[in-house]
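File shown: model-v7.txt (compact mmCIF, C-alpha atoms and all ligand atoms).
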# COMPACT_ATOMS: atom_id res chain seq x y z
CA MET A 7 -6.97 -24.29 111.99
CA SER A 8 -9.99 -22.12 111.22
CA THR A 9 -13.16 -23.02 113.08
CA VAL A 10 -16.29 -22.42 111.07
CA ASN A 11 -18.87 -21.88 113.76
CA SER A 12 -19.50 -22.45 117.46
CA VAL A 13 -20.88 -26.00 116.95
CA ILE A 14 -17.71 -27.11 115.21
CA GLU A 15 -15.63 -25.22 117.77
CA THR A 16 -17.33 -27.22 120.55
CA ILE A 17 -16.77 -30.49 118.71
CA LEU A 18 -13.10 -29.77 118.04
CA ALA A 19 -12.47 -28.73 121.66
CA HIS A 20 -13.65 -32.10 123.03
CA ARG A 21 -11.60 -33.79 125.75
CA SER A 22 -12.93 -36.42 128.13
CA ILE A 23 -13.21 -34.96 131.64
CA ARG A 24 -12.69 -37.23 134.63
CA ARG A 25 -12.56 -34.70 137.50
CA TYR A 26 -15.59 -32.65 138.39
CA LYS A 27 -16.50 -29.79 140.74
CA ARG A 28 -19.34 -30.35 143.19
CA HIS A 29 -22.13 -28.52 141.45
CA LYS A 30 -25.82 -28.83 140.77
CA ILE A 31 -26.61 -28.39 137.09
CA PRO A 32 -29.59 -26.02 136.65
CA GLU A 33 -32.84 -27.67 135.55
CA GLU A 34 -32.94 -25.76 132.26
CA HIS A 35 -29.54 -27.17 131.31
CA VAL A 36 -30.60 -30.71 132.23
CA ASP A 37 -33.72 -30.18 130.17
CA ALA A 38 -31.70 -28.92 127.17
CA ILE A 39 -29.20 -31.78 127.17
CA GLU A 40 -31.92 -34.41 127.57
CA ARG A 41 -33.87 -32.87 124.71
CA ALA A 42 -30.70 -32.94 122.60
CA ALA A 43 -30.46 -36.70 123.18
CA GLN A 44 -34.15 -37.22 122.41
CA ARG A 45 -33.83 -35.29 119.12
CA ALA A 46 -31.11 -37.61 117.75
CA PRO A 47 -31.91 -39.52 114.57
CA THR A 48 -33.20 -43.05 115.13
CA ASP A 49 -33.16 -45.93 112.69
CA ALA A 50 -36.62 -46.43 111.14
CA THR A 51 -38.08 -44.42 114.09
CA LEU A 52 -37.55 -47.52 116.23
CA HIS A 53 -36.15 -45.55 119.24
CA LEU A 54 -33.95 -48.46 120.23
CA TRP A 55 -32.44 -46.94 123.38
CA THR A 56 -33.37 -45.78 126.86
CA ALA A 57 -31.06 -43.69 129.02
CA ILE A 58 -31.39 -43.97 132.78
CA ARG A 59 -30.24 -40.94 134.79
CA VAL A 60 -28.81 -42.27 138.03
CA ASP A 61 -29.59 -39.61 140.66
CA ASP A 62 -29.50 -42.03 143.60
CA ASN A 63 -26.12 -41.56 145.32
CA GLU A 64 -26.01 -45.08 146.67
CA LYS A 65 -26.61 -46.67 143.27
CA ARG A 66 -23.99 -44.35 141.79
CA SER A 67 -21.35 -45.21 144.32
CA ILE A 68 -22.00 -48.96 143.94
CA ILE A 69 -21.38 -48.64 140.19
CA ALA A 70 -18.39 -46.28 140.61
CA GLN A 71 -16.74 -48.61 143.10
CA GLU A 72 -17.44 -51.78 141.18
CA ILE A 73 -15.87 -50.41 138.00
CA GLY A 74 -13.17 -48.41 139.82
CA GLN A 75 -14.07 -45.06 138.23
CA PRO A 76 -14.60 -42.35 140.87
CA HIS A 77 -15.79 -39.83 138.24
CA VAL A 78 -19.03 -41.84 137.99
CA ALA A 79 -19.81 -40.89 141.60
CA GLU A 80 -18.40 -37.35 141.42
CA ALA A 81 -20.06 -36.08 138.24
CA SER A 82 -23.17 -33.91 138.56
CA LEU A 83 -25.05 -36.18 136.17
CA PHE A 84 -24.60 -39.81 135.22
CA TYR A 85 -26.62 -41.59 132.57
CA ILE A 86 -26.59 -45.25 131.63
CA TYR A 87 -27.52 -45.79 128.01
CA THR A 88 -29.23 -49.10 127.34
CA ALA A 89 -30.05 -51.00 124.18
CA ASP A 90 -33.81 -51.30 124.47
CA LEU A 91 -35.92 -53.68 122.38
CA TYR A 92 -38.36 -54.16 125.28
CA ARG A 93 -40.38 -50.98 124.65
CA LEU A 94 -40.42 -51.54 120.87
CA TYR A 95 -41.72 -55.10 121.29
CA ARG A 96 -44.29 -53.96 123.84
CA ILE A 97 -45.62 -51.41 121.33
CA LEU A 98 -45.80 -54.12 118.66
CA GLU A 99 -47.49 -56.59 121.02
CA HIS A 100 -49.90 -53.88 122.14
CA SER A 101 -50.85 -53.57 118.47
CA LYS A 102 -51.21 -57.37 118.22
CA ILE A 103 -48.15 -57.73 116.00
CA GLU A 104 -45.58 -60.46 116.57
CA HIS A 105 -42.09 -59.05 117.13
CA ALA A 106 -38.92 -60.04 115.25
CA GLU A 107 -37.53 -63.54 115.74
CA ASP A 108 -33.86 -62.61 115.62
CA ASP A 109 -32.62 -59.68 117.73
CA TYR A 110 -29.06 -59.65 116.39
CA ALA A 111 -29.25 -56.76 113.91
CA LEU A 112 -31.59 -54.84 116.20
CA ILE A 113 -28.98 -55.01 118.99
CA LEU A 114 -26.35 -53.56 116.65
CA PHE A 115 -28.69 -50.80 115.57
CA ALA A 116 -29.68 -50.16 119.18
CA ALA A 117 -26.01 -49.52 119.95
CA ILE A 118 -25.86 -47.11 117.00
CA ASP A 119 -29.03 -45.27 118.06
CA ALA A 120 -27.82 -45.05 121.67
CA ALA A 121 -24.36 -43.79 120.70
CA ILE A 122 -25.78 -41.06 118.48
CA ALA A 123 -28.18 -39.90 121.19
CA ALA A 124 -25.45 -39.91 123.83
CA GLU A 125 -23.06 -37.95 121.62
CA ASN A 126 -25.82 -35.39 121.01
CA MET A 127 -26.19 -35.15 124.79
CA ALA A 128 -22.44 -34.88 125.34
CA LEU A 129 -22.05 -32.15 122.71
CA ALA A 130 -25.00 -30.19 124.09
CA ALA A 131 -23.45 -30.41 127.56
CA GLU A 132 -20.00 -29.41 126.27
CA SER A 133 -21.52 -26.45 124.42
CA LEU A 134 -22.86 -25.27 127.80
CA GLY A 135 -19.38 -25.47 129.36
CA TYR A 136 -19.67 -28.89 131.02
CA GLY A 137 -17.22 -31.75 130.69
CA THR A 138 -18.26 -35.26 129.74
CA CYS A 139 -16.86 -38.78 129.73
CA PHE A 140 -18.25 -41.91 128.16
CA ILE A 141 -18.03 -44.93 130.45
CA GLY A 142 -17.64 -48.20 128.56
CA ALA A 143 -16.50 -49.79 131.82
CA VAL A 144 -20.15 -50.26 132.76
CA GLN A 145 -19.63 -53.49 130.80
CA ASN A 146 -17.51 -54.72 133.70
CA SER A 147 -20.50 -54.31 135.97
CA ALA A 148 -23.36 -55.06 133.59
CA ALA A 149 -24.97 -57.77 135.75
CA THR A 150 -25.03 -55.47 138.81
CA ILE A 151 -26.43 -52.60 136.73
CA ILE A 152 -29.20 -54.78 135.30
CA ASN A 153 -30.32 -55.55 138.89
CA LEU A 154 -29.72 -52.11 140.32
CA LEU A 155 -31.68 -50.29 137.61
CA ASN A 156 -34.36 -52.96 137.29
CA LEU A 157 -33.72 -53.46 133.59
CA PRO A 158 -36.42 -55.58 131.94
CA PRO A 159 -35.78 -58.40 129.42
CA LYS A 160 -34.55 -57.29 125.98
CA THR A 161 -32.64 -54.36 127.50
CA TYR A 162 -28.90 -54.18 128.09
CA PRO A 163 -26.59 -51.48 129.54
CA LEU A 164 -24.22 -50.36 126.78
CA PHE A 165 -22.22 -47.50 128.28
CA GLY A 166 -22.48 -44.60 130.70
CA LEU A 167 -22.01 -40.84 130.32
CA THR A 168 -20.79 -38.52 133.08
CA ILE A 169 -21.46 -34.78 132.91
CA GLY A 170 -20.30 -31.99 135.21
CA LEU A 171 -18.26 -28.81 135.63
CA PRO A 172 -14.62 -29.64 134.82
CA ALA A 173 -12.12 -29.60 137.69
CA GLU A 174 -9.26 -30.34 135.28
CA ASN A 175 -8.10 -28.92 131.99
CA PRO A 176 -6.51 -31.73 129.98
CA ARG A 177 -4.84 -31.11 126.64
CA LEU A 178 -6.46 -32.26 123.41
CA ARG A 179 -5.64 -35.93 123.01
CA PRO A 180 -4.33 -37.25 119.68
CA ARG A 181 -6.27 -39.12 117.02
CA LEU A 182 -5.05 -41.31 114.18
CA PRO A 183 -4.16 -39.37 111.02
CA ARG A 184 -7.32 -38.39 109.16
CA GLU A 185 -6.27 -40.15 105.92
CA MET A 186 -6.20 -43.43 107.84
CA MET A 187 -9.74 -42.91 109.08
CA ILE A 188 -11.48 -41.27 106.15
CA HIS A 189 -10.84 -42.89 102.78
CA VAL A 190 -12.07 -41.82 99.38
CA ASP A 191 -14.04 -44.05 97.00
CA GLU A 192 -12.50 -47.28 98.26
CA TYR A 193 -10.87 -48.79 101.31
CA LYS A 194 -7.22 -47.87 101.50
CA ASP A 195 -5.17 -50.50 103.30
CA CYS A 196 -2.35 -49.33 105.56
CA ASN A 197 1.27 -50.07 104.74
CA PRO A 198 3.99 -50.50 107.42
CA GLU A 199 4.93 -46.79 107.20
CA ASP A 200 1.31 -45.80 107.84
CA LEU A 201 1.27 -48.08 110.87
CA GLU A 202 4.48 -46.51 112.21
CA LYS A 203 2.96 -43.07 111.62
CA ALA A 204 -0.12 -44.15 113.55
CA LYS A 205 2.03 -45.22 116.50
CA GLU A 206 3.99 -41.99 116.32
CA THR A 207 0.81 -39.86 116.24
CA MET A 208 -0.71 -41.69 119.20
CA LYS A 209 2.41 -41.92 121.35
CA GLY A 210 1.48 -38.84 123.40
CA ILE A 211 -1.81 -40.38 124.56
CA SER A 212 -0.45 -41.25 128.00
CA ARG A 213 2.62 -40.44 130.06
CA ARG A 214 2.41 -43.76 131.87
CA ARG A 215 1.89 -46.27 129.07
CA SER A 216 2.57 -46.60 125.36
CA TRP A 217 -0.42 -46.54 123.00
CA ILE A 218 0.31 -50.14 122.01
CA ASP A 219 0.19 -51.17 125.68
CA ILE A 220 -3.16 -49.42 126.00
CA ILE A 221 -4.78 -51.01 122.94
CA ALA A 222 -3.28 -54.40 123.78
CA ARG A 223 -4.87 -54.38 127.25
CA TYR A 224 -8.22 -54.09 125.51
CA ALA A 225 -7.92 -55.83 122.16
CA ALA A 226 -5.07 -58.35 122.44
CA ARG A 227 -5.90 -62.04 122.84
CA GLY A 228 -7.10 -62.53 126.40
CA GLY A 229 -7.62 -58.76 126.85
CA TYR A 230 -10.65 -56.93 128.25
CA PHE A 231 -12.69 -57.35 125.10
CA ASP A 232 -12.30 -61.13 125.00
CA ALA A 233 -13.66 -61.16 128.55
CA ARG A 234 -16.37 -58.62 127.70
CA SER A 235 -17.52 -60.63 124.69
CA ARG A 236 -17.93 -63.74 126.82
CA GLU A 237 -19.80 -61.89 129.58
CA MET A 238 -21.87 -59.87 127.10
CA LYS A 239 -23.09 -62.92 125.19
CA LYS A 240 -23.99 -64.63 128.47
CA LEU A 241 -25.88 -61.62 129.81
CA LEU A 242 -27.61 -60.85 126.51
CA GLY A 243 -28.87 -64.44 126.54
CA LYS A 244 -30.02 -64.05 130.15
CA GLN A 245 -31.82 -60.83 129.18
CA GLY A 246 -33.75 -62.80 126.59
CA PHE A 247 -32.07 -61.54 123.43
CA THR A 248 -32.05 -64.00 120.54
CA GLY A 249 -29.43 -64.34 117.80
CA VAL A 250 -26.42 -63.76 120.10
C1 LIG B 301 -17.51 -45.96 124.03
C2 LIG B 301 -16.51 -45.27 124.93
C3 LIG B 301 -16.22 -45.82 126.16
C4 LIG B 301 -15.33 -45.17 127.03
N1 LIG B 301 -15.13 -45.68 128.27
C5 LIG B 301 -14.43 -44.97 129.17
C6 LIG B 301 -14.38 -45.40 130.53
O1 LIG B 301 -14.94 -46.42 130.93
N2 LIG B 301 -13.71 -44.62 131.42
C7 LIG B 301 -13.09 -43.46 131.05
O2 LIG B 301 -12.53 -42.79 131.93
N3 LIG B 301 -13.08 -43.05 129.75
C8 LIG B 301 -13.76 -43.76 128.82
N4 LIG B 301 -13.85 -43.32 127.52
C9 LIG B 301 -13.13 -42.11 127.09
C10 LIG B 301 -11.94 -42.46 126.21
O3 LIG B 301 -10.93 -43.01 127.02
C11 LIG B 301 -11.46 -41.18 125.51
O4 LIG B 301 -12.46 -40.73 124.63
C12 LIG B 301 -10.17 -41.41 124.72
O5 LIG B 301 -9.11 -41.74 125.60
C13 LIG B 301 -9.77 -40.19 123.94
O6 LIG B 301 -9.65 -39.08 124.82
P1 LIG B 301 -10.50 -37.74 124.60
O7 LIG B 301 -11.95 -38.09 124.61
O8 LIG B 301 -10.12 -36.85 125.76
O9 LIG B 301 -10.08 -37.16 123.29
C14 LIG B 301 -14.70 -43.96 126.63
C15 LIG B 301 -14.99 -43.44 125.35
C16 LIG B 301 -15.89 -44.07 124.54
C17 LIG B 301 -16.21 -43.46 123.19

Could you rewrite the structure in this file as structure tokens?
Amino acid sequence: MSTVNSVIETILAHRSIRRYKRHKIPEEHVDAIERAAQRAPTDATLHLWTAIRVDDNEKRSIIAQEIGQPHVAEASLFYIYTADLYRLYRILEHSKIEHAEDDYALILFAAIDAAIAAENMALAAESLGYGTCFIGAVQNSAATIINLLNLPPKTYPLFGLTIGLPAENPRLRPRLPREMMIHVDEYKDCNPEDLEKAKETMKGISRRRSWIDIIARYAARGGYFDARSREMKKLLGKQGFTGV
């Protein structure tokens, strides 16, 4: 495979890193990766996200323990990305303008804005030689995080991002075949052979479990995401979001 330039090389070399060396990231690198996040595109200039860098060791270890992910405590940097309509509505109110009635679409777009910013941050960090890992498991501890980080109404923790010097060198992990993920001109449904090919491609994802076992734990009836949806709707309501 020919790599076209160093940006694409960085992107194509991505692996999630879950073991980190003890190391303090120089200020200029922290500055660069935070600026990379800030520079991300944002829908209608709404800036629908806030990232909270958790430097406090105690807060970090509470989160790491609660979600059972030691890399959250061990990484040099840990950010929690939140959906944030609070600041937007404050700006509108400050300008004597009533804010939207229904938050539903804004929450979706906040998740998009936040994900783009975080990926910019992750790629900037990876281009500097650091490893990164997104942490969706913050969902399992969202209520604690809301308290711990003093999140105001109309904000919600979406996911975390760990960054640090890698202390492991995992292989590239598989992805579904490109033709299943990028279609041309119209949606192309999968046939049974495509689905078998998908399973075959993904079978090397883990030595301990099959890919189907992995996705079923999350997306089967009664799996993590059924539980997350229930908890998320409850907490979004508690945080004052409408339309959920
Ligand atoms: C939104 C999101 C949430 C994730 N949550 C976690 C997590 O909570 N813990 C973790 O160790 N990895 C997490 N990951 C990393 C994925 O497990 C990883 O990207 C996937 O297994 C593919 O591996 P790779 O990134 O090394 O290619 C998450 C990734 C994304 C994009």

Under the rule of at most 10 Å, produce a per-residue listing of chain A near ligand LIG 301 (chain B): chain, number, name, the closest pair of atoms, and the distance in Å, as a tab-separated table, using all atoms listed in the file.
residue	atom	partner	partner_atom	distance
A:Leu18	CA	B:LIG301	O9	9.6
A:Ala19	CA	B:LIG301	O9	8.9
A:His20	CA	B:LIG301	O9	6.2
A:Arg21	CA	B:LIG301	O8	3.4
A:Ser22	CA	B:LIG301	O8	3.7
A:Ile23	CA	B:LIG301	O8	6.9
A:Arg24	CA	B:LIG301	O2	6.2
A:Arg25	CA	B:LIG301	O2	9.8
A:Ile73	CA	B:LIG301	O1	8.2
A:Gly74	CA	B:LIG301	N2	9.2
A:Gln75	CA	B:LIG301	N2	6.8
A:Pro76	CA	B:LIG301	O2	9.2
A:His77	CA	B:LIG301	O2	7.7
A:Val78	CA	B:LIG301	N2	8.9
A:Ala121	CA	B:LIG301	C1	7.9
A:Ala124	CA	B:LIG301	C17	9.9
A:Glu125	CA	B:LIG301	C17	8.9
A:Thr138	CA	B:LIG301	O7	8.6
A:Cys139	CA	B:LIG301	C9	5.7
A:Phe140	CA	B:LIG301	C14	4.4
A:Ile141	CA	B:LIG301	O1	3.5
A:Gly142	CA	B:LIG301	N1	3.6
A:Ala143	CA	B:LIG301	O1	3.8
A:Val144	CA	B:LIG301	O1	6.7
A:Gln145	CA	B:LIG301	O1	8.5
A:Asn146	CA	B:LIG301	O1	9.1
A:Leu164	CA	B:LIG301	C1	8.5
A:Phe165	CA	B:LIG301	C1	6.5
A:Gly166	CA	B:LIG301	O1	7.8
A:Leu167	CA	B:LIG301	C4	8.6
A:Thr168	CA	B:LIG301	O2	9.4
A:Pro176	CA	B:LIG301	O8	7.6
A:Arg177	CA	B:LIG301	O8	7.8
A:Leu178	CA	B:LIG301	O9	6.1
A:Arg179	CA	B:LIG301	O9	4.6
A:Pro180	CA	B:LIG301	O9	6.8
A:Arg181	CA	B:LIG301	O9	7.6
A:Ile211	CA	B:LIG301	O5	7.5
A:Ser212	CA	B:LIG301	O5	9.0
A:Ile220	CA	B:LIG301	O5	9.7

With all atoms listed in the file as the counted atoms, please give the residues lying no more than 12 Å from segment 196-202 of chain A, apart from itself and same-chain residues fewer than 6 positions off, as a JSON list (two decimals) with C-alpha atoms, in the coordinates of the input.
[["chain", "number", "residue", "atom", "x", "y", "z"],
["A", 182, "LEU", "CA", -5.05, -41.31, 114.18],
["A", 183, "PRO", "CA", -4.16, -39.37, 111.02],
["A", 184, "ARG", "CA", -7.32, -38.39, 109.16],
["A", 185, "GLU", "CA", -6.27, -40.15, 105.92],
["A", 186, "MET", "CA", -6.20, -43.43, 107.84],
["A", 187, "MET", "CA", -9.74, -42.91, 109.08],
["A", 189, "HIS", "CA", -10.84, -42.89, 102.78],
["A", 208, "MET", "CA", -0.71, -41.69, 119.20],
["A", 209, "LYS", "CA", 2.41, -41.92, 121.35],
["A", 217, "TRP", "CA", -0.42, -46.54, 123.00],
["A", 218, "ILE", "CA", 0.31, -50.14, 122.01]]

Could you check the closest approach to Thr56 of chain A for each of A:Leu83, A:Val10, A:Leu171, A:Leu157 and tell me which residue wins, using only C-alpha atoms?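 The answer is A:Leu157, which sits nearest to Thr56 of chain A.
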
With distances taken over only C-alpha atoms, which of A:Tyr162, A:Phe84, A:Tyr136, A:Tyr230 is nearest to Ala117 of chain A? A:Tyr162

Each residue of segment 117-218 of chain A lying at most 7 Å from segment 31-43 of chain A should get a row with its shortest atom-to-atom pair and the distance in Å to one decimal, counting all atoms listed in the file; could you produce that, ordered by chain and increasing number, as a tab-separated table?
residue	atom	partner	partner_atom	distance
A:Ala123	CA	A:Ala43	CA	4.4
A:Ala124	CA	A:Ala43	CA	6.0
A:Asn126	CA	A:Ala43	CA	5.3
A:Met127	CA	A:Ala43	CA	4.8
A:Ala130	CA	A:Ile39	CA	5.4
A:Ala131	CA	A:Ile39	CA	5.9

List as a ChimeraX atom specification the protein and nucleic acid residues near Leu52 of chain A, meaning an atom at most 12 Å away when only C-alpha atoms are counted, but skip any in the same chain fewer than 5 places from it. /A:46-47,89-95,97-98,112-113,115-116,118-120

Save out the residues we just selected, C-alpha atoms, as a PDB file, in the frame of the given file.
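Output file result.pdb is given in full below:
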ATOM      1  CA  ALA A  46     -31.110 -37.610 117.750  1.00  0.00           C
ATOM      2  CA  PRO A  47     -31.910 -39.520 114.570  1.00  0.00           C
ATOM      3  CA  ALA A  89     -30.050 -51.000 124.180  1.00  0.00           C
ATOM      4  CA  ASP A  90     -33.810 -51.300 124.470  1.00  0.00           C
ATOM      5  CA  LEU A  91     -35.920 -53.680 122.380  1.00  0.00           C
ATOM      6  CA  TYR A  92     -38.360 -54.160 125.280  1.00  0.00           C
ATOM      7  CA  ARG A  93     -40.380 -50.980 124.650  1.00  0.00           C
ATOM      8  CA  LEU A  94     -40.420 -51.540 120.870  1.00  0.00           C
ATOM      9  CA  TYR A  95     -41.720 -55.100 121.290  1.00  0.00           C
ATOM     10  CA  ILE A  97     -45.620 -51.410 121.330  1.00  0.00           C
ATOM     11  CA  LEU A  98     -45.800 -54.120 118.660  1.00  0.00           C
ATOM     12  CA  LEU A 112     -31.590 -54.840 116.200  1.00  0.00           C
ATOM     13  CA  ILE A 113     -28.980 -55.010 118.990  1.00  0.00           C
ATOM     14  CA  PHE A 115     -28.690 -50.800 115.570  1.00  0.00           C
ATOM     15  CA  ALA A 116     -29.680 -50.160 119.180  1.00  0.00           C
ATOM     16  CA  ILE A 118     -25.860 -47.110 117.000  1.00  0.00           C
ATOM     17  CA  ASP A 119     -29.030 -45.270 118.060  1.00  0.00           C
ATOM     18  CA  ALA A 120     -27.820 -45.050 121.670  1.00  0.00           C
TER      19      ALA A 120
END

Closest to Ile69 of chain A among A:Ala111, A:Leu134, A:Ala106, A:Leu154, using only C-alpha atoms?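 That would be A:Leu154, the residue with the smallest distance to Ile69 of chain A.
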
So the first atom is atom CA of Ser82 of chain A and the second is atom CA of Ile169 of chain A; what is the distance between them in Å, to one decimal place? 6.0 Å

Interatomic distance (Å, one decimal) between atom CA of Ser67 of chain A and atom CA of Ala79 of chain A: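 That distance, rounded to one decimal, is 5.3 Å.
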
Point-to-point distance in Å for atom CA of His105 of chain A and atom CA of Ala149 of chain A: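 Going from atom CA of Ala149 of chain A over to atom CA of His105 of chain A covers 25.3 Å.
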